[in-house]
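Reproduced below: final-v4.cif, with mmCIF, N, CA and C atoms.
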data_work
#
loop_
_atom_site.label_atom_id
_atom_site.label_comp_id
_atom_site.auth_asym_id
_atom_site.auth_seq_id
_atom_site.Cartn_x
_atom_site.Cartn_y
_atom_site.Cartn_z
N MET W 1 157.09 -47.40 -56.23
CA MET W 1 157.76 -46.70 -55.15
C MET W 1 158.81 -47.60 -54.54
N LYS W 2 159.93 -47.02 -54.16
CA LYS W 2 161.02 -47.78 -53.61
C LYS W 2 161.67 -47.00 -52.47
N LEU W 3 161.87 -47.65 -51.34
CA LEU W 3 162.56 -46.99 -50.23
C LEU W 3 164.05 -46.95 -50.54
N SER W 4 164.68 -45.87 -50.15
CA SER W 4 166.11 -45.73 -50.39
C SER W 4 166.90 -46.63 -49.44
N THR W 5 168.13 -46.87 -49.80
CA THR W 5 169.04 -47.62 -48.93
C THR W 5 169.20 -46.88 -47.61
N ARG W 6 169.27 -45.57 -47.67
CA ARG W 6 169.40 -44.74 -46.46
C ARG W 6 168.26 -45.02 -45.48
N ALA W 7 167.04 -45.09 -45.97
CA ALA W 7 165.88 -45.35 -45.11
C ALA W 7 165.92 -46.78 -44.57
N ARG W 8 166.22 -47.74 -45.42
CA ARG W 8 166.27 -49.15 -44.97
C ARG W 8 167.37 -49.36 -43.93
N TYR W 9 168.54 -48.81 -44.19
CA TYR W 9 169.64 -48.95 -43.23
C TYR W 9 169.34 -48.18 -41.94
N GLY W 10 168.68 -47.05 -42.07
CA GLY W 10 168.30 -46.27 -40.89
C GLY W 10 167.36 -47.04 -39.98
N VAL W 11 166.41 -47.75 -40.57
CA VAL W 11 165.49 -48.56 -39.77
C VAL W 11 166.26 -49.70 -39.09
N ARG W 12 167.19 -50.31 -39.81
CA ARG W 12 168.00 -51.38 -39.22
C ARG W 12 168.87 -50.86 -38.07
N LEU W 13 169.44 -49.69 -38.25
CA LEU W 13 170.22 -49.05 -37.18
C LEU W 13 169.36 -48.80 -35.95
N MET W 14 168.18 -48.26 -36.18
CA MET W 14 167.27 -47.96 -35.06
C MET W 14 166.79 -49.23 -34.38
N ALA W 15 166.56 -50.29 -35.14
CA ALA W 15 166.17 -51.57 -34.54
C ALA W 15 167.29 -52.11 -33.66
N ALA W 16 168.52 -51.98 -34.11
CA ALA W 16 169.67 -52.43 -33.30
C ALA W 16 169.76 -51.63 -32.00
N LEU W 17 169.53 -50.33 -32.09
CA LEU W 17 169.54 -49.50 -30.87
C LEU W 17 168.36 -49.84 -29.97
N ALA W 18 167.23 -50.18 -30.56
CA ALA W 18 166.05 -50.56 -29.76
C ALA W 18 166.33 -51.85 -28.99
N CYS W 19 167.05 -52.78 -29.60
CA CYS W 19 167.40 -54.04 -28.92
C CYS W 19 168.30 -53.78 -27.72
N ALA W 20 169.08 -52.71 -27.78
CA ALA W 20 170.00 -52.37 -26.68
C ALA W 20 169.41 -51.34 -25.73
N TYR W 21 168.16 -50.95 -25.94
CA TYR W 21 167.54 -49.89 -25.13
C TYR W 21 167.58 -50.26 -23.65
N GLY W 22 168.00 -49.29 -22.83
CA GLY W 22 168.08 -49.51 -21.39
C GLY W 22 169.43 -50.02 -20.94
N ASN W 23 170.27 -50.40 -21.87
CA ASN W 23 171.62 -50.84 -21.56
C ASN W 23 172.61 -49.73 -21.90
N LYS W 24 173.88 -50.05 -21.91
CA LYS W 24 174.88 -49.03 -22.23
C LYS W 24 174.81 -48.67 -23.72
N PRO W 25 175.31 -47.48 -24.06
CA PRO W 25 175.32 -47.07 -25.48
C PRO W 25 176.10 -48.07 -26.34
N VAL W 26 175.76 -48.08 -27.62
CA VAL W 26 176.34 -49.03 -28.56
C VAL W 26 177.25 -48.28 -29.53
N PHE W 27 178.42 -48.85 -29.80
CA PHE W 27 179.32 -48.25 -30.78
C PHE W 27 178.78 -48.49 -32.18
N LEU W 28 178.90 -47.49 -33.02
CA LEU W 28 178.43 -47.59 -34.39
C LEU W 28 179.18 -48.70 -35.15
N LYS W 29 180.44 -48.87 -34.83
CA LYS W 29 181.21 -49.92 -35.52
C LYS W 29 180.67 -51.31 -35.22
N ASN W 30 180.12 -51.51 -34.02
CA ASN W 30 179.52 -52.81 -33.68
C ASN W 30 178.24 -53.05 -34.47
N ILE W 31 177.42 -52.03 -34.60
CA ILE W 31 176.20 -52.15 -35.39
C ILE W 31 176.56 -52.38 -36.85
N ALA W 32 177.53 -51.65 -37.34
CA ALA W 32 177.96 -51.79 -38.73
C ALA W 32 178.42 -53.22 -39.01
N PHE W 33 179.16 -53.79 -38.08
CA PHE W 33 179.65 -55.15 -38.25
C PHE W 33 178.49 -56.16 -38.26
N ILE W 34 177.62 -56.05 -37.27
CA ILE W 34 176.51 -57.00 -37.14
C ILE W 34 175.54 -56.88 -38.32
N GLU W 35 175.25 -55.66 -38.74
CA GLU W 35 174.29 -55.42 -39.81
C GLU W 35 174.91 -55.48 -41.20
N GLU W 36 176.23 -55.61 -41.25
CA GLU W 36 176.96 -55.65 -42.53
C GLU W 36 176.69 -54.41 -43.37
N ILE W 37 176.83 -53.26 -42.71
CA ILE W 37 176.65 -51.95 -43.34
C ILE W 37 177.92 -51.16 -43.09
N SER W 38 178.33 -50.36 -44.04
CA SER W 38 179.51 -49.52 -43.89
C SER W 38 179.34 -48.58 -42.68
N GLU W 39 180.37 -48.57 -41.83
CA GLU W 39 180.33 -47.68 -40.66
C GLU W 39 180.28 -46.21 -41.11
N LYS W 40 180.98 -45.90 -42.17
CA LYS W 40 180.99 -44.54 -42.69
C LYS W 40 179.58 -44.12 -43.12
N TYR W 41 178.87 -45.02 -43.78
CA TYR W 41 177.51 -44.72 -44.22
C TYR W 41 176.57 -44.56 -43.02
N LEU W 42 176.72 -45.43 -42.03
CA LEU W 42 175.90 -45.31 -40.82
C LEU W 42 176.17 -44.00 -40.09
N SER W 43 177.43 -43.54 -40.11
CA SER W 43 177.76 -42.29 -39.43
C SER W 43 177.06 -41.10 -40.08
N LEU W 44 176.80 -41.19 -41.37
CA LEU W 44 176.04 -40.14 -42.05
C LEU W 44 174.55 -40.22 -41.71
N ILE W 45 174.05 -41.44 -41.65
CA ILE W 45 172.63 -41.65 -41.33
C ILE W 45 172.31 -41.20 -39.92
N VAL W 46 173.19 -41.52 -38.98
CA VAL W 46 172.92 -41.23 -37.58
C VAL W 46 172.85 -39.72 -37.31
N ILE W 47 173.49 -38.92 -38.14
CA ILE W 47 173.42 -37.46 -37.97
C ILE W 47 171.98 -36.98 -38.10
N SER W 48 171.28 -37.43 -39.12
CA SER W 48 169.87 -37.03 -39.32
C SER W 48 168.99 -37.54 -38.19
N LEU W 49 169.25 -38.74 -37.74
CA LEU W 49 168.45 -39.31 -36.65
C LEU W 49 168.69 -38.55 -35.34
N ARG W 50 169.92 -38.11 -35.13
CA ARG W 50 170.23 -37.31 -33.94
C ARG W 50 169.56 -35.94 -34.03
N THR W 51 169.63 -35.33 -35.20
CA THR W 51 169.01 -34.02 -35.42
C THR W 51 167.50 -34.09 -35.18
N ALA W 52 166.89 -35.21 -35.55
CA ALA W 52 165.44 -35.39 -35.36
C ALA W 52 165.08 -35.73 -33.92
N GLY W 53 166.07 -35.90 -33.06
CA GLY W 53 165.80 -36.20 -31.65
C GLY W 53 165.46 -37.66 -31.40
N LEU W 54 165.83 -38.54 -32.32
CA LEU W 54 165.54 -39.97 -32.15
C LEU W 54 166.71 -40.73 -31.54
N VAL W 55 167.92 -40.20 -31.69
CA VAL W 55 169.13 -40.85 -31.22
C VAL W 55 169.94 -39.85 -30.41
N LYS W 56 170.62 -40.34 -29.39
CA LYS W 56 171.56 -39.49 -28.65
C LYS W 56 172.92 -40.18 -28.65
N SER W 57 173.95 -39.37 -28.48
CA SER W 57 175.30 -39.91 -28.50
C SER W 57 176.06 -39.46 -27.26
N ARG W 58 177.05 -40.27 -26.93
CA ARG W 58 177.92 -39.94 -25.80
C ARG W 58 179.34 -40.26 -26.23
N ARG W 59 180.25 -39.36 -25.96
CA ARG W 59 181.65 -39.53 -26.35
C ARG W 59 182.42 -40.31 -25.29
N GLY W 60 183.55 -40.81 -25.70
CA GLY W 60 184.47 -41.43 -24.76
C GLY W 60 184.40 -42.94 -24.76
N ALA W 61 185.19 -43.53 -23.84
CA ALA W 61 185.31 -44.99 -23.75
C ALA W 61 183.97 -45.64 -23.42
N ARG W 62 183.15 -44.96 -22.67
CA ARG W 62 181.81 -45.49 -22.35
C ARG W 62 180.74 -44.87 -23.22
N GLY W 63 181.16 -44.34 -24.32
CA GLY W 63 180.27 -43.65 -25.23
C GLY W 63 179.60 -44.58 -26.21
N GLY W 64 178.98 -43.95 -27.17
CA GLY W 64 178.27 -44.69 -28.20
C GLY W 64 176.93 -44.03 -28.48
N TYR W 65 176.04 -44.79 -29.08
CA TYR W 65 174.73 -44.29 -29.46
C TYR W 65 173.64 -45.06 -28.75
N SER W 66 172.56 -44.35 -28.46
CA SER W 66 171.38 -44.98 -27.86
C SER W 66 170.15 -44.22 -28.33
N LEU W 67 169.00 -44.83 -28.13
CA LEU W 67 167.75 -44.17 -28.49
C LEU W 67 167.49 -43.00 -27.54
N ALA W 68 166.96 -41.93 -28.06
CA ALA W 68 166.63 -40.76 -27.25
C ALA W 68 165.25 -40.90 -26.61
N LYS W 69 164.48 -41.89 -27.08
CA LYS W 69 163.13 -42.13 -26.56
C LYS W 69 162.93 -43.63 -26.42
N ASN W 70 161.90 -43.98 -25.71
CA ASN W 70 161.50 -45.38 -25.58
C ASN W 70 161.13 -45.92 -26.96
N PRO W 71 161.50 -47.17 -27.26
CA PRO W 71 161.14 -47.75 -28.57
C PRO W 71 159.64 -47.74 -28.86
N GLU W 72 158.81 -47.71 -27.83
CA GLU W 72 157.36 -47.65 -28.02
C GLU W 72 156.90 -46.28 -28.50
N GLU W 73 157.77 -45.27 -28.37
CA GLU W 73 157.42 -43.90 -28.75
C GLU W 73 157.97 -43.51 -30.12
N ILE W 74 158.70 -44.42 -30.76
CA ILE W 74 159.29 -44.11 -32.06
C ILE W 74 158.64 -44.99 -33.13
N SER W 75 158.02 -44.33 -34.09
CA SER W 75 157.37 -45.08 -35.17
C SER W 75 158.30 -45.16 -36.38
N LEU W 76 157.99 -46.08 -37.27
CA LEU W 76 158.76 -46.17 -38.51
C LEU W 76 158.62 -44.89 -39.31
N ARG W 77 157.46 -44.26 -39.21
CA ARG W 77 157.27 -42.97 -39.90
C ARG W 77 158.25 -41.93 -39.39
N ASN W 78 158.46 -41.88 -38.06
CA ASN W 78 159.42 -40.94 -37.50
C ASN W 78 160.80 -41.13 -38.13
N ILE W 79 161.19 -42.38 -38.27
CA ILE W 79 162.52 -42.70 -38.80
C ILE W 79 162.61 -42.35 -40.28
N ILE W 80 161.63 -42.80 -41.05
CA ILE W 80 161.65 -42.55 -42.50
C ILE W 80 161.63 -41.04 -42.79
N GLU W 81 160.79 -40.31 -42.08
CA GLU W 81 160.70 -38.87 -42.32
C GLU W 81 161.97 -38.14 -41.87
N ALA W 82 162.63 -38.63 -40.83
CA ALA W 82 163.89 -38.03 -40.41
C ALA W 82 164.97 -38.20 -41.48
N LEU W 83 164.88 -39.28 -42.21
CA LEU W 83 165.91 -39.60 -43.20
C LEU W 83 165.54 -39.16 -44.62
N GLU W 84 164.25 -39.16 -44.94
CA GLU W 84 163.81 -38.89 -46.32
C GLU W 84 162.98 -37.63 -46.47
N GLY W 85 162.51 -37.08 -45.37
CA GLY W 85 161.59 -35.96 -45.45
C GLY W 85 160.15 -36.47 -45.45
N GLU W 86 159.23 -35.55 -45.61
CA GLU W 86 157.81 -35.88 -45.57
C GLU W 86 157.47 -36.94 -46.62
N ILE W 87 156.60 -37.87 -46.25
CA ILE W 87 156.19 -38.93 -47.16
C ILE W 87 155.11 -38.39 -48.09
N VAL W 88 155.52 -38.08 -49.31
CA VAL W 88 154.62 -37.55 -50.33
C VAL W 88 154.98 -38.26 -51.64
N LEU W 89 154.00 -38.91 -52.23
CA LEU W 89 154.28 -39.68 -53.45
C LEU W 89 154.53 -38.80 -54.66
N VAL W 90 153.79 -37.71 -54.77
CA VAL W 90 153.99 -36.77 -55.87
C VAL W 90 154.01 -35.35 -55.30
N GLU W 91 154.83 -34.52 -55.88
CA GLU W 91 155.08 -33.17 -55.35
C GLU W 91 153.82 -32.30 -55.29
N CYS W 92 152.89 -32.49 -56.21
CA CYS W 92 151.71 -31.62 -56.25
C CYS W 92 150.78 -31.81 -55.05
N ILE W 93 150.97 -32.90 -54.29
CA ILE W 93 150.12 -33.12 -53.11
C ILE W 93 150.39 -32.08 -52.05
N LYS W 94 151.65 -31.77 -51.82
CA LYS W 94 151.95 -30.79 -50.78
C LYS W 94 152.09 -29.36 -51.32
N ASN W 95 152.16 -29.24 -52.65
CA ASN W 95 152.35 -27.93 -53.25
C ASN W 95 151.51 -27.82 -54.52
N ASN W 96 150.32 -27.26 -54.40
CA ASN W 96 149.41 -27.11 -55.55
C ASN W 96 150.03 -26.37 -56.72
N SER W 97 150.91 -25.43 -56.42
CA SER W 97 151.49 -24.62 -57.49
C SER W 97 152.58 -25.37 -58.26
N PHE W 98 152.91 -26.56 -57.82
CA PHE W 98 153.92 -27.35 -58.52
C PHE W 98 153.47 -27.71 -59.93
N CYS W 99 152.18 -27.96 -60.07
CA CYS W 99 151.65 -28.34 -61.37
C CYS W 99 150.38 -27.53 -61.65
N HIS W 100 150.29 -26.94 -62.82
CA HIS W 100 149.12 -26.12 -63.16
C HIS W 100 147.85 -26.96 -63.32
N ARG W 101 148.00 -28.29 -63.38
CA ARG W 101 146.83 -29.17 -63.55
C ARG W 101 146.33 -29.74 -62.22
N SER W 102 146.90 -29.34 -61.12
CA SER W 102 146.54 -29.91 -59.81
C SER W 102 145.04 -29.90 -59.54
N SER W 103 144.39 -28.82 -59.87
CA SER W 103 142.96 -28.71 -59.55
C SER W 103 142.08 -29.59 -60.44
N THR W 104 142.57 -30.02 -61.59
CA THR W 104 141.76 -30.84 -62.50
C THR W 104 142.33 -32.25 -62.72
N CYS W 105 143.40 -32.57 -62.05
CA CYS W 105 144.07 -33.86 -62.27
C CYS W 105 143.22 -35.01 -61.73
N PRO W 106 142.91 -36.00 -62.56
CA PRO W 106 142.07 -37.11 -62.11
C PRO W 106 142.80 -38.09 -61.17
N THR W 107 144.13 -38.04 -61.13
CA THR W 107 144.87 -39.00 -60.29
C THR W 107 145.36 -38.40 -58.98
N ARG W 108 145.29 -37.12 -58.83
CA ARG W 108 145.83 -36.45 -57.63
C ARG W 108 145.24 -37.00 -56.34
N ASN W 109 143.94 -37.20 -56.29
CA ASN W 109 143.30 -37.71 -55.07
C ASN W 109 143.74 -39.14 -54.76
N ILE W 110 143.99 -39.93 -55.78
CA ILE W 110 144.46 -41.30 -55.57
C ILE W 110 145.84 -41.28 -54.93
N TRP W 111 146.76 -40.44 -55.49
CA TRP W 111 148.11 -40.37 -54.93
C TRP W 111 148.08 -39.84 -53.50
N SER W 112 147.20 -38.93 -53.23
CA SER W 112 147.07 -38.39 -51.88
C SER W 112 146.58 -39.47 -50.91
N ALA W 113 145.54 -40.20 -51.30
CA ALA W 113 144.99 -41.26 -50.44
C ALA W 113 146.03 -42.36 -50.20
N LEU W 114 146.73 -42.73 -51.25
CA LEU W 114 147.76 -43.76 -51.12
C LEU W 114 148.88 -43.31 -50.20
N GLY W 115 149.32 -42.08 -50.36
CA GLY W 115 150.36 -41.53 -49.48
C GLY W 115 149.92 -41.50 -48.03
N ASN W 116 148.64 -41.15 -47.81
CA ASN W 116 148.10 -41.14 -46.44
C ASN W 116 148.08 -42.54 -45.83
N LYS W 117 147.72 -43.54 -46.64
CA LYS W 117 147.70 -44.93 -46.15
C LYS W 117 149.10 -45.39 -45.78
N ILE W 118 150.08 -45.06 -46.60
CA ILE W 118 151.46 -45.43 -46.30
C ILE W 118 151.91 -44.75 -45.01
N SER W 119 151.64 -43.46 -44.89
CA SER W 119 152.02 -42.72 -43.69
C SER W 119 151.36 -43.30 -42.44
N ASP W 120 150.06 -43.59 -42.55
CA ASP W 120 149.34 -44.16 -41.41
C ASP W 120 149.90 -45.52 -41.01
N THR W 121 150.21 -46.35 -41.99
CA THR W 121 150.76 -47.67 -41.70
C THR W 121 152.10 -47.54 -40.99
N LEU W 122 152.99 -46.70 -41.51
CA LEU W 122 154.29 -46.50 -40.88
C LEU W 122 154.16 -45.87 -39.51
N ASN W 123 153.17 -45.03 -39.34
CA ASN W 123 152.95 -44.37 -38.04
C ASN W 123 152.46 -45.36 -36.99
N ASN W 124 151.80 -46.43 -37.41
CA ASN W 124 151.24 -47.40 -36.48
C ASN W 124 152.17 -48.56 -36.16
N ILE W 125 153.40 -48.52 -36.64
CA ILE W 125 154.38 -49.56 -36.32
C ILE W 125 155.52 -48.90 -35.54
N THR W 126 155.68 -49.33 -34.29
CA THR W 126 156.73 -48.77 -33.45
C THR W 126 157.98 -49.64 -33.52
N LEU W 127 159.07 -49.07 -33.07
CA LEU W 127 160.31 -49.85 -32.97
C LEU W 127 160.13 -51.03 -32.04
N ALA W 128 159.38 -50.84 -30.96
CA ALA W 128 159.14 -51.94 -30.02
C ALA W 128 158.44 -53.10 -30.72
N GLN W 129 157.45 -52.79 -31.54
CA GLN W 129 156.74 -53.82 -32.29
C GLN W 129 157.66 -54.49 -33.31
N LEU W 130 158.49 -53.70 -33.94
CA LEU W 130 159.40 -54.22 -34.96
C LEU W 130 160.37 -55.23 -34.36
N ILE W 131 160.98 -54.89 -33.23
CA ILE W 131 161.96 -55.82 -32.65
C ILE W 131 161.26 -57.00 -31.98
N GLN W 132 160.03 -56.80 -31.53
CA GLN W 132 159.27 -57.92 -30.96
C GLN W 132 158.96 -58.96 -32.03
N SER W 133 158.59 -58.48 -33.21
CA SER W 133 158.27 -59.42 -34.30
C SER W 133 159.53 -60.15 -34.78
N LYS W 134 160.68 -59.54 -34.56
CA LYS W 134 161.96 -60.14 -34.95
C LYS W 134 162.29 -61.33 -34.06
N THR W 135 161.85 -61.30 -32.81
CA THR W 135 162.18 -62.35 -31.85
C THR W 135 161.13 -63.46 -31.81
N GLU W 136 160.01 -63.23 -32.45
CA GLU W 136 158.93 -64.25 -32.41
C GLU W 136 159.11 -65.30 -33.47
#
How does this structure look as structure tokens?
Amino acid sequence: MKLSTRARYGVRLMAALACAYGNKPVFLKNIAFIEEISEKYLSLIVISLRTAGLVKSRRGARGGYSLAKNPEEISLRNIIEALEGEIVLVECIKNNSFCHRSSTCPTRNIWSALGNKISDTLNNITLAQLIQSKTE
């Protein structure tokens, strides 16, 4: 399993916004420069994060982006799912009709359990914890 660039960059974007939480909004071009990520690519990522209610934006000279919630209320799972969709390792886990062998497959329960562990782990790590570990 491999996380996409979109998910990895999205977490980095959210961490940068978490570091600025409570201050003025941050311009995407500043985050792009600091994180060495294309501003154009970040502008595509931020759309999904805004749609998910994790980021808010403000236009104008005092505009920019900020977190829509406290960093303690946003988990890595929230971010990954906003960018990638539901965390499911194999399609038959969420849709039995995807594979006619779902009911007899010897590996289906393993993939389900593993997916649940990944989801639980990501759900238990908040942005606040992530940026705190960065400063320690």
Item to check | Which residue of W:Trp111, W:Val26, W:Ser102, W:Arg8 approaches Arg58 (chain W) most closely, using all atoms listed in the file | outcome: W:Val26
Next on the checklist: Give me the residues near Leu49 (chain W) as a PyMOL selection string, where near means some atom within 7 Å (using only N, CA and C atoms) and where sequence neighbours in that chain fewer than 6 positions away do not count.
Outcome noted: chain W and resi 55-56+82-83
Checklist entry - Pick the closest to Leu17 (chain W) from W:Leu89, W:Ile125, W:Ile31, W:Leu114: which is it, counting only N, CA and C atoms? => result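 Looking at the shortest contact to Leu17 (chain W), the residue is W:Ile31.
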Running DSSP on the backbone, which parts of chain W land in strand (DSSP E or B), as a short mmCIF file (atom, residue, chain, number, x, y, z; two decimals) with N, CA and C atoms, keeping the file's coordinate frame?
data_model
loop_
_atom_site.label_atom_id
_atom_site.label_comp_id
_atom_site.auth_asym_id
_atom_site.auth_seq_id
_atom_site.Cartn_x
_atom_site.Cartn_y
_atom_site.Cartn_z
N VAL W 26 175.76 -48.08 -27.62
CA VAL W 26 176.34 -49.03 -28.56
C VAL W 26 177.25 -48.28 -29.53
N VAL W 55 167.92 -40.20 -31.69
CA VAL W 55 169.13 -40.85 -31.22
C VAL W 55 169.94 -39.85 -30.41
N LYS W 56 170.62 -40.34 -29.39
CA LYS W 56 171.56 -39.49 -28.65
C LYS W 56 172.92 -40.18 -28.65
N SER W 57 173.95 -39.37 -28.48
CA SER W 57 175.30 -39.91 -28.50
C SER W 57 176.06 -39.46 -27.26
N ARG W 58 177.05 -40.27 -26.93
CA ARG W 58 177.92 -39.94 -25.80
C ARG W 58 179.34 -40.26 -26.23
N GLY W 64 178.98 -43.95 -27.17
CA GLY W 64 178.27 -44.69 -28.20
C GLY W 64 176.93 -44.03 -28.48
N TYR W 65 176.04 -44.79 -29.08
CA TYR W 65 174.73 -44.29 -29.46
C TYR W 65 173.64 -45.06 -28.75
N SER W 66 172.56 -44.35 -28.46
CA SER W 66 171.38 -44.98 -27.86
C SER W 66 170.15 -44.22 -28.33
N LEU W 67 169.00 -44.83 -28.13
CA LEU W 67 167.75 -44.17 -28.49
C LEU W 67 167.49 -43.00 -27.54
N SER W 75 158.02 -44.33 -34.09
CA SER W 75 157.37 -45.08 -35.17
C SER W 75 158.30 -45.16 -36.38
N THR W 126 155.68 -49.33 -34.29
CA THR W 126 156.73 -48.77 -33.45
C THR W 126 157.98 -49.64 -33.52
#
Item to check | Closest of W:Leu42, W:Ser119, W:Ala15, W:Glu73 to Ser133 (chain W) - atom-to-atom distances counting only C-alpha atoms | outcome: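 Smallest distance to Ser133 (chain W) is found for W:Ala15.
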Item to check | Selection under test: the PyMOL selection byres (((chain W and resi 127 and name CA) around 12) and name CA); residues as a PyMOL selection string | outcome: chain W and resi 10-21+54+67+69-79+122-126+128-134
Checklist entry - By how many Å are atom C of Val88 (chain W) and CA of Gly115 (chain W) apart? => result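 Atom C of Val88 (chain W) sits 6.1 Å away from CA of Gly115 (chain W).
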Residues matched by the PyMOL selection byres (((chain W and resi 93-100 and name CA) around 12) and name CA) as a compact mmCIF listing (two decimals) with N, CA and C atoms, in the frame of the given file:
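Output file out36.txt is given in full below:
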# COMPACT_ATOMS: atom_id res chain seq x y z
N GLU W 86 159.23 -35.55 -45.61
CA GLU W 86 157.81 -35.88 -45.57
C GLU W 86 157.47 -36.94 -46.62
N ILE W 87 156.60 -37.87 -46.25
CA ILE W 87 156.19 -38.93 -47.16
C ILE W 87 155.11 -38.39 -48.09
N VAL W 88 155.52 -38.08 -49.31
CA VAL W 88 154.62 -37.55 -50.33
C VAL W 88 154.98 -38.26 -51.64
N LEU W 89 154.00 -38.91 -52.23
CA LEU W 89 154.28 -39.68 -53.45
C LEU W 89 154.53 -38.80 -54.66
N VAL W 90 153.79 -37.71 -54.77
CA VAL W 90 153.99 -36.77 -55.87
C VAL W 90 154.01 -35.35 -55.30
N GLU W 91 154.83 -34.52 -55.88
CA GLU W 91 155.08 -33.17 -55.35
C GLU W 91 153.82 -32.30 -55.29
N CYS W 92 152.89 -32.49 -56.21
CA CYS W 92 151.71 -31.62 -56.25
C CYS W 92 150.78 -31.81 -55.05
N ARG W 101 148.00 -28.29 -63.38
CA ARG W 101 146.83 -29.17 -63.55
C ARG W 101 146.33 -29.74 -62.22
N SER W 102 146.90 -29.34 -61.12
CA SER W 102 146.54 -29.91 -59.81
C SER W 102 145.04 -29.90 -59.54
N SER W 103 144.39 -28.82 -59.87
CA SER W 103 142.96 -28.71 -59.55
C SER W 103 142.08 -29.59 -60.44
N THR W 104 142.57 -30.02 -61.59
CA THR W 104 141.76 -30.84 -62.50
C THR W 104 142.33 -32.25 -62.72
N CYS W 105 143.40 -32.57 -62.05
CA CYS W 105 144.07 -33.86 -62.27
C CYS W 105 143.22 -35.01 -61.73
N THR W 107 144.13 -38.04 -61.13
CA THR W 107 144.87 -39.00 -60.29
C THR W 107 145.36 -38.40 -58.98
N ARG W 108 145.29 -37.12 -58.83
CA ARG W 108 145.83 -36.45 -57.63
C ARG W 108 145.24 -37.00 -56.34
N ASN W 109 143.94 -37.20 -56.29
CA ASN W 109 143.30 -37.71 -55.07
C ASN W 109 143.74 -39.14 -54.76
N ILE W 110 143.99 -39.93 -55.78
CA ILE W 110 144.46 -41.30 -55.57
C ILE W 110 145.84 -41.28 -54.93
N TRP W 111 146.76 -40.44 -55.49
CA TRP W 111 148.11 -40.37 -54.93
C TRP W 111 148.08 -39.84 -53.50
N SER W 112 147.20 -38.93 -53.23
CA SER W 112 147.07 -38.39 -51.88
C SER W 112 146.58 -39.47 -50.91
N ALA W 113 145.54 -40.20 -51.30
CA ALA W 113 144.99 -41.26 -50.44
C ALA W 113 146.03 -42.36 -50.20
N LEU W 114 146.73 -42.73 -51.25
CA LEU W 114 147.76 -43.76 -51.12
C LEU W 114 148.88 -43.31 -50.20
N GLY W 115 149.32 -42.08 -50.36
CA GLY W 115 150.36 -41.53 -49.48
C GLY W 115 149.92 -41.50 -48.03
N ASN W 116 148.64 -41.15 -47.81
CA ASN W 116 148.10 -41.14 -46.44
C ASN W 116 148.08 -42.54 -45.83
Checklist entry - Would you give me, as an NGL selection string, the residues in chain W that DSSP reads as alpha helix (DSSP H)? => result :W and (5-19 or 28-35 or 39-51 or 76-84 or 108-123 or 127-135)
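Note that atom N of Leu28 (chain W) and atom C of Tyr65 (chain W) are 7.2 Å apart.
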Given the file shown, enumerate the residues that the PyMOL selection byres (((chain W and resi 37 and name CA) around 12) and name CA) captures and present them as a short mmCIF file (atom, residue, chain, number, x, y, z; two decimals) with N, CA and C atoms, in the frame of the given file.
data_model
loop_
_atom_site.label_atom_id
_atom_site.label_comp_id
_atom_site.auth_asym_id
_atom_site.auth_seq_id
_atom_site.Cartn_x
_atom_site.Cartn_y
_atom_site.Cartn_z
N THR W 5 168.13 -46.87 -49.80
CA THR W 5 169.04 -47.62 -48.93
C THR W 5 169.20 -46.88 -47.61
N ARG W 6 169.27 -45.57 -47.67
CA ARG W 6 169.40 -44.74 -46.46
C ARG W 6 168.26 -45.02 -45.48
N ARG W 8 166.22 -47.74 -45.42
CA ARG W 8 166.27 -49.15 -44.97
C ARG W 8 167.37 -49.36 -43.93
N TYR W 9 168.54 -48.81 -44.19
CA TYR W 9 169.64 -48.95 -43.23
C TYR W 9 169.34 -48.18 -41.94
N GLY W 10 168.68 -47.05 -42.07
CA GLY W 10 168.30 -46.27 -40.89
C GLY W 10 167.36 -47.04 -39.98
N ARG W 12 167.19 -50.31 -39.81
CA ARG W 12 168.00 -51.38 -39.22
C ARG W 12 168.87 -50.86 -38.07
N LEU W 13 169.44 -49.69 -38.25
CA LEU W 13 170.22 -49.05 -37.18
C LEU W 13 169.36 -48.80 -35.95
N LEU W 28 178.90 -47.49 -33.02
CA LEU W 28 178.43 -47.59 -34.39
C LEU W 28 179.18 -48.70 -35.15
N LYS W 29 180.44 -48.87 -34.83
CA LYS W 29 181.21 -49.92 -35.52
C LYS W 29 180.67 -51.31 -35.22
N ASN W 30 180.12 -51.51 -34.02
CA ASN W 30 179.52 -52.81 -33.68
C ASN W 30 178.24 -53.05 -34.47
N ILE W 31 177.42 -52.03 -34.60
CA ILE W 31 176.20 -52.15 -35.39
C ILE W 31 176.56 -52.38 -36.85
N ALA W 32 177.53 -51.65 -37.34
CA ALA W 32 177.96 -51.79 -38.73
C ALA W 32 178.42 -53.22 -39.01
N PHE W 33 179.16 -53.79 -38.08
CA PHE W 33 179.65 -55.15 -38.25
C PHE W 33 178.49 -56.16 -38.26
N ILE W 34 177.62 -56.05 -37.27
CA ILE W 34 176.51 -57.00 -37.14
C ILE W 34 175.54 -56.88 -38.32
N GLU W 35 175.25 -55.66 -38.74
CA GLU W 35 174.29 -55.42 -39.81
C GLU W 35 174.91 -55.48 -41.20
N GLU W 36 176.23 -55.61 -41.25
CA GLU W 36 176.96 -55.65 -42.53
C GLU W 36 176.69 -54.41 -43.37
N SER W 38 178.33 -50.36 -44.04
CA SER W 38 179.51 -49.52 -43.89
C SER W 38 179.34 -48.58 -42.68
N GLU W 39 180.37 -48.57 -41.83
CA GLU W 39 180.33 -47.68 -40.66
C GLU W 39 180.28 -46.21 -41.11
N LYS W 40 180.98 -45.90 -42.17
CA LYS W 40 180.99 -44.54 -42.69
C LYS W 40 179.58 -44.12 -43.12
N TYR W 41 178.87 -45.02 -43.78
CA TYR W 41 177.51 -44.72 -44.22
C TYR W 41 176.57 -44.56 -43.02
N LEU W 42 176.72 -45.43 -42.03
CA LEU W 42 175.90 -45.31 -40.82
C LEU W 42 176.17 -44.00 -40.09
N SER W 43 177.43 -43.54 -40.11
CA SER W 43 177.76 -42.29 -39.43
C SER W 43 177.06 -41.10 -40.08
N LEU W 44 176.80 -41.19 -41.37
CA LEU W 44 176.04 -40.14 -42.05
C LEU W 44 174.55 -40.22 -41.71
N ILE W 45 174.05 -41.44 -41.65
CA ILE W 45 172.63 -41.65 -41.33
C ILE W 45 172.31 -41.20 -39.92
#
